[in-house]
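Here the structure comes first, spelled out in structure tokens, and everything after it is commentary.
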Amino acid sequence: MRNLRLRVEYDGTEFHGFARQQGMRTVQGVLESTLTATLNEPIEVFGASRTDAGVHARGQVVNFYTSRPIPTERLATILNRRLPNDLKALDAREVSERFHARFSAKSRTYRYRIYTGRHPSVWRIRYAWHLPRALACAAMQAALEQILGEHDFRPFSVKIPTEQNTVRTLYRGQVRPMRDGVQIELEANGFLRGMVRLIVGDLTQVGAGVLPVDALAERLRTRQQATLMAPPQGLCLIRVHYRR
């Protein structure tokens with residue numbers, strides 16, 4: 001049995017998230033049905049990150065097991081003939097039988113984009129949060145730097161069982177001003193459900209002067225739940241990092 005690693009990208013607008021759900025169009029579901037039809041055997045796909053409904057990916061990684069001898073250098077091309085226009089394979093390669101897209105990952109990088117133009121843009125509405133206000137990027141960066149490192153990020157999560165471990169390590173955080181908005185990039189060993197979008201929500205409040213710079217760190221200290229969740233369309237999984 002071969003273990004194949006596949007890197008894919010998708011526009012999450014019309015998907016009900018990554019994870020398979022009965023009666024819903026999901027990334028995992030479409031990949032599994034397409035691979036099953038292509039390889040003519042049942043295929044189960046394992047993903048590196050379970051992105052929510054509306055969230056995009058430029059570097060999602062999945063793996064699956066197959067007994068078929070299809071050359072990996074041809075797999076992406078063959079799959080893309082069958083996959084819909086909002087989900088495409090980028091490349092494929094054979095990996096160790098021990099490799100798992102999720103559990104072998106060392107970190108993940110997400111990017112969030114905010115469009116601050118005065119009027120909505122048809123070219124950005126699917127891929128950015130329209131927030132027509134000035135944001136102080138320096139204050140947002142300072143706030144973000146205060147929560148780097150290992151913390152219990154439960155205040156920046158939703159629908160997490162009380163018994164689940166919510167300690168994560170945020171390795172890197174960058175707030176970058178753009179010509180017509182702001183880009184926020186976060187890298188961590190793992191993200192809780194809603195974590196990036198709740199962090200971004202608080203950061204925009206800091207950038208708008210509604211919250212102080214130490215608000216995010218204080219939330220972690222007091223364990224007070226974050227409530228402003230940035231919408232999904234601004235979020236994109238950029239890369240999953242593995243040890244070489």
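FYI, nothing fancy with the structure tokens labels: chains A, B, ... in order, residues from 1 per chain, ligands from 1 as they appear.
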
With a distance cut-off of 6 Å and only C-alpha atoms, select the neighbouring residues of A:Ile184, excluding the residue or stretch itself and same-chain residues fewer than 5 positions from it, and output the selection as a tab-separated table (two decimals) with C-alpha atoms, in the first residue's frame.
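So out-v2.tsv came out as:
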chain	number	residue	atom	x	y	z
A	111	ARG	CA	-2.86	34.77	6.44
A	112	TYR	CA	-5.75	37.14	7.04
A	174	GLN	CA	3.19	39.85	11.58
A	175	VAL	CA	0.91	42.78	10.84

> Among stretch 79-244 of chain A, which ones does DSSP place in helix (DSSP H, G or I), written as a PyMOL selection string?
Replying inline: chain A and resi 79-82+137-145+154-156+195-207+215-222+232-234

> Near stretch 82-98 of chain A, within 8 Å and counting only C-alpha atoms, which residues show up once chain neighbours fewer than 2 positions away are dropped, as a list of chain:residue names?
Replying inline: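 Residues meeting the cut-off are A:Arg2, A:Asn3, A:Leu4, A:Arg5, A:Leu6, A:Arg7, A:Val8, A:Glu9, A:Tyr10, A:Asp11, A:Gly12, A:Val27, A:Val30, A:Leu31, A:Thr34, A:Thr72, A:Glu73, A:Leu75, A:Ala76, A:Thr77, A:Ile78, A:Leu79, A:Asn80, A:His100.
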
> Pick from A:Pro155, A:Gly17, A:Gly190, A:Gly149: nearest to A:Tyr171, with only C-alpha atoms counted?
Replying inline: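 Counting only C-alpha atoms, the residue closest to A:Tyr171 is A:Gly149.
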
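Distances to A:Arg133 were evaluated for A:Pro161, A:Gly194, A:Pro71, A:Gly209 using only C-alpha atoms, and the minimum falls at A:Gly209.
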